[in-house]
$ cat work-v1.txt   # compact mmCIF, C-alpha atoms and all ligand atoms
# COMPACT_ATOMS: atom_id res chain seq x y z
CA MET A 1 -32.75 -8.80 14.73
CA ALA A 2 -29.78 -8.44 17.10
CA GLN A 3 -26.87 -6.44 15.76
CA PRO A 4 -23.98 -8.69 14.69
CA ASP A 5 -20.85 -8.44 16.85
CA ILE A 6 -17.73 -7.27 15.08
CA ILE A 7 -14.19 -6.82 16.29
CA VAL A 8 -12.07 -3.88 15.17
CA THR A 9 -8.32 -4.50 15.10
CA ALA A 10 -7.04 -1.19 13.70
CA PRO A 11 -7.70 2.49 14.40
CA LEU A 12 -10.56 3.58 12.14
CA PRO A 13 -11.56 7.11 11.10
CA PRO A 14 -14.88 8.40 12.52
CA PHE A 15 -16.52 8.40 9.09
CA LEU A 16 -16.19 4.62 9.12
CA TYR A 17 -16.32 3.84 12.82
CA ASP A 18 -19.43 5.92 13.59
CA PRO A 19 -21.64 4.21 10.97
CA LEU A 20 -20.23 0.83 12.03
CA ARG A 21 -21.17 1.54 15.65
CA ALA A 22 -24.68 2.48 14.54
CA ASP A 23 -25.29 -0.89 12.88
CA TYR A 24 -23.05 -3.36 14.75
CA ARG A 25 -21.97 -4.20 18.27
CA CYS A 26 -18.36 -3.10 17.86
CA HIS A 27 -15.57 -4.43 20.06
CA ASP A 28 -12.48 -2.24 19.94
CA TYR A 29 -9.67 -4.78 20.10
CA TYR A 30 -7.12 -2.23 18.90
CA ALA A 31 -7.72 0.08 21.87
CA ALA A 32 -8.56 -2.62 24.45
CA SER A 33 -6.28 -2.47 27.48
CA HIS A 34 -6.80 -6.19 28.20
CA LYS A 35 -7.04 -7.97 24.85
CA PRO A 36 -7.19 -11.57 26.19
CA GLY A 37 -10.03 -10.50 28.49
CA LEU A 38 -11.98 -9.05 25.56
CA LEU A 39 -11.51 -12.25 23.56
CA ALA A 40 -12.52 -14.44 26.49
CA ALA A 41 -15.65 -12.40 27.15
CA GLU A 42 -16.81 -11.67 23.59
CA GLY A 43 -14.80 -13.88 21.21
CA ALA A 44 -17.47 -16.56 20.84
CA ARG A 45 -20.07 -14.01 19.70
CA ILE A 46 -17.98 -12.20 17.09
CA ARG A 47 -19.04 -12.68 13.45
CA GLY A 48 -17.07 -9.96 11.65
CA LEU A 49 -13.60 -8.38 11.82
CA VAL A 50 -12.54 -4.99 10.47
CA GLN A 51 -8.86 -4.24 9.98
CA GLY A 52 -6.61 -1.86 8.04
CA GLY A 53 -4.64 -2.66 4.92
CA GLY A 54 -1.39 -2.92 6.84
CA THR A 55 -2.81 -4.75 9.88
CA VAL A 56 -1.37 -8.19 10.55
CA THR A 57 -4.02 -10.64 11.74
CA PRO A 58 -2.45 -13.65 13.45
CA THR A 59 -4.19 -17.03 13.20
CA THR A 60 -4.10 -17.19 17.02
CA LEU A 61 -6.50 -14.23 17.09
CA LEU A 62 -8.79 -15.94 14.57
CA ASP A 63 -8.66 -19.16 16.63
CA ALA A 64 -10.27 -17.15 19.46
CA LEU A 65 -13.17 -16.16 17.15
CA PRO A 66 -14.91 -19.49 16.42
CA ARG A 67 -17.99 -17.89 14.79
CA LEU A 68 -16.10 -15.46 12.57
CA GLU A 69 -17.67 -15.24 9.09
CA ILE A 70 -15.98 -12.27 7.43
CA ILE A 71 -12.87 -10.08 7.53
CA SER A 72 -13.49 -6.71 5.89
CA VAL A 73 -10.22 -4.94 5.14
CA PHE A 74 -10.20 -1.14 5.10
CA GLY A 75 -7.59 -1.05 2.34
CA VAL A 76 -6.76 -2.76 -0.92
CA GLY A 77 -3.81 -4.74 0.48
CA TYR A 78 -4.64 -7.85 2.49
CA ASP A 79 -1.11 -9.16 2.95
CA GLY A 80 -1.73 -9.17 6.72
CA VAL A 81 -4.61 -11.65 6.41
CA PRO A 82 -3.82 -15.39 6.62
CA VAL A 83 -5.73 -16.23 3.44
CA ASP A 84 -5.15 -20.03 3.42
CA TYR A 85 -6.39 -20.26 6.99
CA CYS A 86 -9.49 -18.23 6.06
CA ARG A 87 -10.16 -20.47 3.07
CA GLN A 88 -10.00 -23.55 5.30
CA ARG A 89 -12.44 -22.05 7.77
CA GLY A 90 -14.70 -20.61 5.09
CA ILE A 91 -14.12 -17.04 6.32
CA LYS A 92 -14.82 -14.44 3.60
CA VAL A 93 -12.16 -11.76 3.07
CA THR A 94 -13.02 -8.45 1.36
CA ASN A 95 -10.94 -5.37 0.55
CA THR A 96 -11.38 -1.93 -1.04
CA PRO A 97 -9.97 -2.07 -4.58
CA ASP A 98 -10.58 0.50 -7.36
CA VAL A 99 -11.67 3.40 -5.16
CA LEU A 100 -8.06 4.22 -4.22
CA THR A 101 -6.35 3.48 -7.55
CA ASP A 102 -6.11 7.09 -8.79
CA ASP A 103 -4.75 8.47 -5.53
CA VAL A 104 -2.07 5.82 -5.13
CA ALA A 105 -0.99 6.23 -8.76
CA ASP A 106 -0.77 9.99 -8.20
CA VAL A 107 1.68 9.40 -5.36
CA ALA A 108 3.89 7.25 -7.60
CA VAL A 109 4.00 10.05 -10.17
CA ALA A 110 4.69 12.59 -7.43
CA LEU A 111 7.62 10.52 -6.18
CA ILE A 112 9.00 10.26 -9.74
CA MET A 113 8.75 14.03 -10.07
CA MET A 114 10.08 14.81 -6.61
CA THR A 115 13.10 12.58 -7.05
CA GLY A 116 13.76 13.11 -10.77
CA ARG A 117 13.18 16.86 -10.86
CA GLY A 118 14.52 17.41 -7.34
CA PHE A 119 11.40 19.30 -6.24
CA VAL A 120 11.73 18.49 -2.55
CA ARG A 121 15.37 19.57 -2.50
CA LEU A 122 14.52 22.72 -4.47
CA ASN A 123 11.65 23.55 -2.13
CA ARG A 124 14.06 23.31 0.81
CA PHE A 125 16.49 25.51 -1.16
CA VAL A 126 13.93 28.31 -1.53
CA HIS A 127 12.66 28.04 2.07
CA ALA A 128 16.23 28.33 3.33
CA GLY A 129 16.71 31.60 1.43
CA GLU A 130 19.39 30.01 -0.78
CA TRP A 131 17.88 31.38 -4.02
CA GLU A 132 18.90 34.88 -2.91
CA LYS A 133 22.51 33.67 -3.03
CA ARG A 134 22.68 31.41 -6.11
CA GLY A 135 20.73 29.79 -8.89
CA PRO A 136 19.05 26.40 -8.56
CA GLU A 137 20.73 23.18 -9.70
CA LEU A 138 19.68 21.56 -12.96
CA THR A 139 17.89 18.21 -12.69
CA THR A 140 16.71 15.42 -15.00
CA LYS A 141 14.28 15.62 -17.93
CA LEU A 142 11.57 13.04 -17.36
CA ALA A 143 10.06 12.73 -20.86
CA GLY A 144 11.85 9.92 -22.65
CA ARG A 145 12.99 8.22 -19.42
CA ARG A 146 12.07 4.61 -18.81
CA VAL A 147 9.69 3.53 -16.07
CA GLY A 148 9.74 -0.15 -15.10
CA ILE A 149 6.68 -1.23 -13.15
CA LEU A 150 6.76 -4.26 -10.85
CA GLY A 151 3.14 -5.45 -10.75
CA LEU A 152 0.84 -4.24 -13.53
CA GLY A 153 -2.46 -4.53 -11.64
CA ARG A 154 -5.03 -1.77 -11.37
CA ILE A 155 -2.64 0.63 -9.65
CA GLY A 156 0.29 -0.32 -11.90
CA LYS A 157 -1.83 0.38 -14.98
CA ALA A 158 -2.93 3.76 -13.61
CA ILE A 159 0.72 4.65 -13.04
CA ALA A 160 1.58 3.53 -16.58
CA GLN A 161 -1.15 5.75 -18.05
CA ARG A 162 0.04 8.76 -16.10
CA VAL A 163 3.73 8.45 -16.95
CA ARG A 164 2.89 7.75 -20.62
CA ALA A 165 1.05 11.08 -20.63
CA MET A 166 4.32 12.62 -19.43
CA GLY A 167 6.14 11.11 -22.41
CA MET A 168 7.92 8.42 -20.41
CA GLU A 169 8.48 4.86 -21.69
CA VAL A 170 6.82 1.98 -19.82
CA SER A 171 7.80 -1.65 -19.40
CA TYR A 172 6.72 -4.05 -16.66
CA THR A 173 7.16 -7.37 -14.99
CA GLY A 174 4.73 -9.59 -13.15
CA ARG A 175 3.45 -13.14 -13.07
CA LYS A 176 2.56 -13.14 -16.77
CA PRO A 177 2.46 -10.89 -19.85
CA GLN A 178 -0.80 -9.00 -20.32
CA ASP A 179 -2.60 -7.60 -23.35
CA VAL A 180 -1.30 -4.07 -22.84
CA PRO A 181 0.70 -1.64 -24.98
CA TYR A 182 3.74 -1.94 -22.68
CA ARG A 183 6.69 -4.27 -22.98
CA PHE A 184 6.83 -7.28 -20.66
CA VAL A 185 10.21 -8.13 -19.16
CA PRO A 186 10.15 -11.61 -17.60
CA ASP A 187 12.62 -11.01 -14.77
CA LEU A 188 12.83 -8.22 -12.22
CA ALA A 189 16.60 -7.70 -12.42
CA GLY A 190 16.26 -7.39 -16.21
CA LEU A 191 13.52 -4.79 -15.76
CA ALA A 192 15.64 -2.88 -13.23
CA ALA A 193 18.63 -2.90 -15.59
CA GLU A 194 16.65 -1.11 -18.26
CA SER A 195 14.71 1.32 -16.03
CA ASP A 196 15.44 4.86 -14.91
CA PHE A 197 12.64 4.54 -12.37
CA LEU A 198 11.74 1.14 -10.93
CA VAL A 199 8.23 1.47 -9.47
CA VAL A 200 7.04 -1.15 -7.00
CA ALA A 201 3.26 -1.62 -7.38
CA CYS A 202 2.64 -5.31 -6.64
CA PRO A 203 0.89 -6.83 -3.61
CA GLY A 204 2.88 -7.49 -0.45
CA GLY A 205 2.96 -10.84 1.34
CA ALA A 206 5.10 -13.97 1.36
CA ALA A 207 5.32 -14.28 -2.44
CA THR A 208 6.94 -10.85 -2.88
CA LYS A 209 8.91 -10.50 0.37
CA ASN A 210 12.27 -8.80 -0.29
CA VAL A 211 12.09 -9.46 -4.05
CA VAL A 212 13.67 -6.04 -4.60
CA ASN A 213 17.00 -7.21 -3.19
CA ALA A 214 20.66 -6.21 -3.49
CA GLU A 215 20.95 -7.89 -6.89
CA VAL A 216 17.95 -5.99 -8.30
CA LEU A 217 19.27 -2.71 -6.87
CA ALA A 218 22.68 -3.36 -8.41
CA ALA A 219 20.94 -3.92 -11.75
CA LEU A 220 19.01 -0.64 -11.33
CA GLY A 221 22.40 0.99 -10.90
CA THR A 222 23.56 4.61 -10.70
CA LYS A 223 21.10 5.80 -13.37
CA GLY A 224 18.15 4.37 -11.46
CA THR A 225 15.71 5.52 -8.79
CA LEU A 226 13.52 3.16 -6.76
CA VAL A 227 9.91 4.22 -6.13
CA ASN A 228 7.74 2.20 -3.73
CA ILE A 229 4.03 2.88 -3.21
CA ALA A 230 3.06 -0.73 -2.46
CA ARG A 231 4.44 -2.39 0.68
CA GLY A 232 7.72 -1.99 2.53
CA SER A 233 8.04 -5.77 2.78
CA ILE A 234 8.69 -6.04 -0.98
CA VAL A 235 12.02 -4.21 -0.69
CA ASP A 236 14.97 -5.58 1.28
CA GLU A 237 15.27 -2.39 3.33
CA PRO A 238 18.80 -2.93 4.71
CA ALA A 239 19.95 -3.68 1.13
CA LEU A 240 18.26 -0.45 -0.04
CA VAL A 241 19.97 1.60 2.67
CA ALA A 242 23.31 -0.01 1.77
CA ALA A 243 22.77 0.69 -1.95
CA LEU A 244 21.97 4.34 -1.25
CA GLN A 245 24.94 4.72 1.11
CA ALA A 246 27.29 3.16 -1.43
CA GLY A 247 25.87 5.17 -4.33
CA THR A 248 24.86 1.97 -6.11
CA ILE A 249 21.53 3.58 -7.11
CA LYS A 250 20.69 7.19 -7.85
CA GLY A 251 17.92 7.74 -5.32
CA ALA A 252 14.64 6.57 -3.86
CA GLY A 253 11.08 7.83 -3.43
CA LEU A 254 9.29 5.87 -0.72
CA ASP A 255 5.73 5.99 0.62
CA VAL A 256 5.91 2.64 2.43
CA PHE A 257 8.37 0.99 4.79
CA ALA A 258 9.06 -2.38 6.37
CA ASP A 259 8.23 -1.30 9.93
CA GLU A 260 5.95 1.73 9.72
CA PRO A 261 6.09 4.34 11.11
CA HIS A 262 9.75 3.58 11.77
CA ILE A 263 12.14 4.51 8.98
CA PRO A 264 15.83 3.47 8.93
CA ALA A 265 17.71 6.44 10.42
CA PRO A 266 20.29 6.81 7.60
CA LEU A 267 17.50 7.64 5.12
CA PHE A 268 16.62 10.86 6.96
CA ALA A 269 19.97 12.41 6.12
CA MET A 270 19.93 11.57 2.40
CA ASP A 271 19.21 14.37 -0.03
CA ASN A 272 18.48 11.97 -2.88
CA VAL A 273 15.71 10.23 -0.96
CA VAL A 274 12.11 11.45 -0.68
CA LEU A 275 10.08 10.03 2.19
CA LEU A 276 6.29 10.11 2.60
CA PRO A 277 4.27 8.74 5.56
CA HIS A 278 2.20 6.07 3.68
CA VAL A 279 -0.23 8.52 2.11
CA GLY A 280 -1.10 6.67 -1.11
CA SER A 281 -4.83 6.63 -0.34
CA ALA A 282 -4.83 9.47 2.18
CA THR A 283 -7.36 11.92 0.73
CA HIS A 284 -10.74 12.75 2.28
CA GLU A 285 -12.59 11.52 -0.79
CA THR A 286 -10.77 8.22 -1.15
CA ARG A 287 -10.66 7.27 2.52
CA LYS A 288 -14.43 7.96 2.71
CA ALA A 289 -15.02 5.77 -0.36
CA MET A 290 -12.83 3.05 1.19
CA GLY A 291 -14.77 3.30 4.45
CA ASP A 292 -18.11 3.09 2.64
CA LEU A 293 -16.97 0.00 0.72
CA CYS A 294 -15.50 -1.62 3.83
CA LYS A 295 -18.87 -1.25 5.60
CA ALA A 296 -20.90 -2.13 2.50
CA ASN A 297 -19.12 -5.48 2.36
CA LEU A 298 -20.17 -6.25 5.94
CA ASP A 299 -23.71 -5.01 5.36
CA ALA A 300 -24.08 -7.10 2.20
CA TRP A 301 -22.75 -10.18 3.92
CA PHE A 302 -25.04 -9.97 6.95
CA ALA A 303 -28.08 -8.99 4.84
CA THR A 304 -27.71 -11.29 1.83
CA GLY A 305 -24.84 -13.73 2.44
CA LYS A 306 -22.92 -12.15 -0.46
CA VAL A 307 -20.07 -9.63 -0.50
CA LEU A 308 -19.14 -6.92 -3.00
CA THR A 309 -15.36 -7.35 -3.29
CA LEU A 310 -14.25 -10.84 -2.34
CA ILE A 311 -10.47 -11.21 -2.71
CA PRO A 312 -9.53 -13.20 -5.85
CA GLU A 313 -7.91 -16.06 -3.91
CA LEU A 314 -11.29 -16.91 -2.37
CA ALA A 315 -13.44 -16.29 -5.45
C1 LIG B 1 -4.15 2.48 3.77
C2 LIG B 1 -3.15 0.69 2.19
O1 LIG B 1 -3.15 3.22 4.39
O2 LIG B 1 -5.04 0.15 0.91
C3 LIG B 1 -4.00 -0.24 1.42
O3 LIG B 1 -3.62 -1.41 1.30
O4 LIG B 1 -2.10 0.39 2.57
C4 LIG B 1 -3.64 2.10 2.43
O5 LIG B 1 -4.55 2.50 1.50
C5 LIG B 1 -4.62 1.50 4.76
O6 LIG B 1 -5.26 0.41 4.22
C6 LIG B 1 -5.53 2.15 5.77
O7 LIG B 1 -5.91 1.21 6.68
$ encode --input "work-v1.txt" --output "structure tokens"
Amino acid sequence: MAQPDIIVTAPLPPFLYDPLRADYRCHDYYAASHKPGLLAAEGARIRGLVQGGGTVTPTTLLDALPRLEIISVFGVGYDGVPVDYCRQRGIKVTNTPDVLTDDVADVAVALIMMTGRGFVRLNRFVHAGEWEKRGPELTTKLAGRRVGILGLGRIGKAIAQRVRAMGMEVSYTGRKPQDVPYRFVPDLAGLAAESDFLVVACPGGAATKNVVNAEVLAALGTKGTLVNIARGSIVDEPALVAALQAGTIKGAGLDVFADEPHIPAPLFAMDNVVLLPHVGSATHETRKAMGDLCKANLDAWFATGKVLTLIPELA
């Protein structure tokens, strides 16, 4: 049987791209110098699309792929996929949940430790030879502090488990209360008001755009640190910069940004801010597992007409 044609709209690591190339006719849209030409020549043949978690897929691109059957996202987040459009056209959308949960939760804990205990600052202090001159500053005890989690999904729960093991208190907000041993707070500003660390762990997309706004940051207040391992779009970034500049909040630990890899310039100069380059899932083991699942979804679809991890909106 002829290999199905698939279009690739994001840079992929070799451990995913090489096996894809072995089993599919891959069209590299991401690297194509003349994208309209590629679509005109190949668009009508393409049956699958592979993209990254952060990739935005415009409906105009999908319009040029009339035989598209499946979008397989190399990532858990599919906020860049126009889900309603896909539902209307009967296009399946799959992602890579579960396999990255531990790694992303680890990064949230790391950001809590790096901001709360000042480890990044203290590391700079030692590297700069400052310890020869004076003792280190004292920081904040984490056990007993309150962690408020926005979005208690798989990753949120893994974060909760980890910080509980550190003796921290957990409460959360989300669409509805769940059967969990953590306290539900119905509104985000209320959660922020009672949190020392407000951890953003919900999906991105239209429903959560800028929900962490100036009002929520004001409620978090001078005792509070914002941690974001989810999507930059969830936080009103100019409001965050303003809150940090004004000293409205204590600090921030950020792995994700509104316009990656661009980070608002004022953040670079802030000692109470820890910045990571979107590395939540960036380990060899997890990215390989994500790649395997991303391809397995395509393989299952073209072999059996079923997928392994259909997104809940289309289930
Ligand atoms: C990846 C992510 O950086 O899973 C996600 O939604 O944002 C990250 O794990 C990305 O998907 C890699 O393409």
$ closest_atom_pairs --input "work-v1.txt" --of "chain A" --to "ligand LIG 1 (chain B)" --cutoff "8 Å" --atoms "all atoms listed in the file" --output "JSON lines"
{"residue": "A:Ala10", "atom": "CA", "partner": "B:LIG1", "partner_atom": "O7", "distance": 7.5}
{"residue": "A:Leu12", "atom": "CA", "partner": "B:LIG1", "partner_atom": "O7", "distance": 7.6}
{"residue": "A:Gln51", "atom": "CA", "partner": "B:LIG1", "partner_atom": "O7", "distance": 7.0}
{"residue": "A:Gly52", "atom": "CA", "partner": "B:LIG1", "partner_atom": "O7", "distance": 3.4}
{"residue": "A:Gly53", "atom": "CA", "partner": "B:LIG1", "partner_atom": "O6", "distance": 3.2}
{"residue": "A:Gly54", "atom": "CA", "partner": "B:LIG1", "partner_atom": "O4", "distance": 5.4}
{"residue": "A:Thr55", "atom": "CA", "partner": "B:LIG1", "partner_atom": "O7", "distance": 7.4}
{"residue": "A:Val73", "atom": "CA", "partner": "B:LIG1", "partner_atom": "O6", "distance": 7.4}
{"residue": "A:Phe74", "atom": "CA", "partner": "B:LIG1", "partner_atom": "O7", "distance": 5.1}
{"residue": "A:Gly75", "atom": "CA", "partner": "B:LIG1", "partner_atom": "O2", "distance": 3.2}
{"residue": "A:Val76", "atom": "CA", "partner": "B:LIG1", "partner_atom": "O2", "distance": 3.8}
{"residue": "A:Gly77", "atom": "CA", "partner": "B:LIG1", "partner_atom": "O3", "distance": 3.4}
{"residue": "A:Tyr78", "atom": "CA", "partner": "B:LIG1", "partner_atom": "O3", "distance": 6.6}
{"residue": "A:Thr96", "atom": "CA", "partner": "B:LIG1", "partner_atom": "O2", "distance": 7.0}
{"residue": "A:Pro97", "atom": "CA", "partner": "B:LIG1", "partner_atom": "O2", "distance": 7.7}
{"residue": "A:Leu100", "atom": "CA", "partner": "B:LIG1", "partner_atom": "O5", "distance": 6.9}
{"residue": "A:Val104", "atom": "CA", "partner": "B:LIG1", "partner_atom": "O5", "distance": 7.8}
{"residue": "A:Ala230", "atom": "CA", "partner": "B:LIG1", "partner_atom": "O4", "distance": 7.3}
{"residue": "A:Arg231", "atom": "CA", "partner": "B:LIG1", "partner_atom": "O4", "distance": 7.4}
{"residue": "A:His278", "atom": "CA", "partner": "B:LIG1", "partner_atom": "O1", "distance": 6.1}
{"residue": "A:Val279", "atom": "CA", "partner": "B:LIG1", "partner_atom": "O1", "distance": 6.5}
{"residue": "A:Gly280", "atom": "CA", "partner": "B:LIG1", "partner_atom": "O5", "distance": 6.0}
{"residue": "A:Ser281", "atom": "CA", "partner": "B:LIG1", "partner_atom": "O5", "distance": 4.5}
{"residue": "A:Ala282", "atom": "CA", "partner": "B:LIG1", "partner_atom": "O1", "distance": 6.8}
{"residue": "A:Arg287", "atom": "CA", "partner": "B:LIG1", "partner_atom": "O5", "distance": 7.8}
$ residues_around --input "work-v1.txt" --residues "Ile91 in chain A" --least-positions-apart "2" --cutoff "6 Å" --atoms "only C-alpha atoms" --output "list in words"
Glu69, Ile70, Cys86 and Arg89 of chain A
$ write_last_selection --input "work-v1.txt" --atoms "C-alpha atoms" --output "CSV table (one decimal), keeping the file's coordinate frame"
chain,number,residue,atom,x,y,z
A,69,GLU,CA,-17.7,-15.2,9.1
A,70,ILE,CA,-16.0,-12.3,7.4
A,86,CYS,CA,-9.5,-18.2,6.1
A,89,ARG,CA,-12.4,-22.0,7.8
$ atom_distance --input "work-v1.txt" --atom1 "CA of Gly224 in chain A" --atom2 "CA of Lys250 in chain A"
5.2 Å
$ atom_distance --input "work-v1.txt" --atom1 "CA of Gly80 in chain A" --atom2 "CA of Gly205 in chain A"
7.3 Å
$ residues_around --input "work-v1.txt" --residues "range 58-61 of chain A" --least-positions-apart "6" --cutoff "8 Å" --atoms "all atoms listed in the file" --output "ChimeraX atom specification"
/A:81-82,85
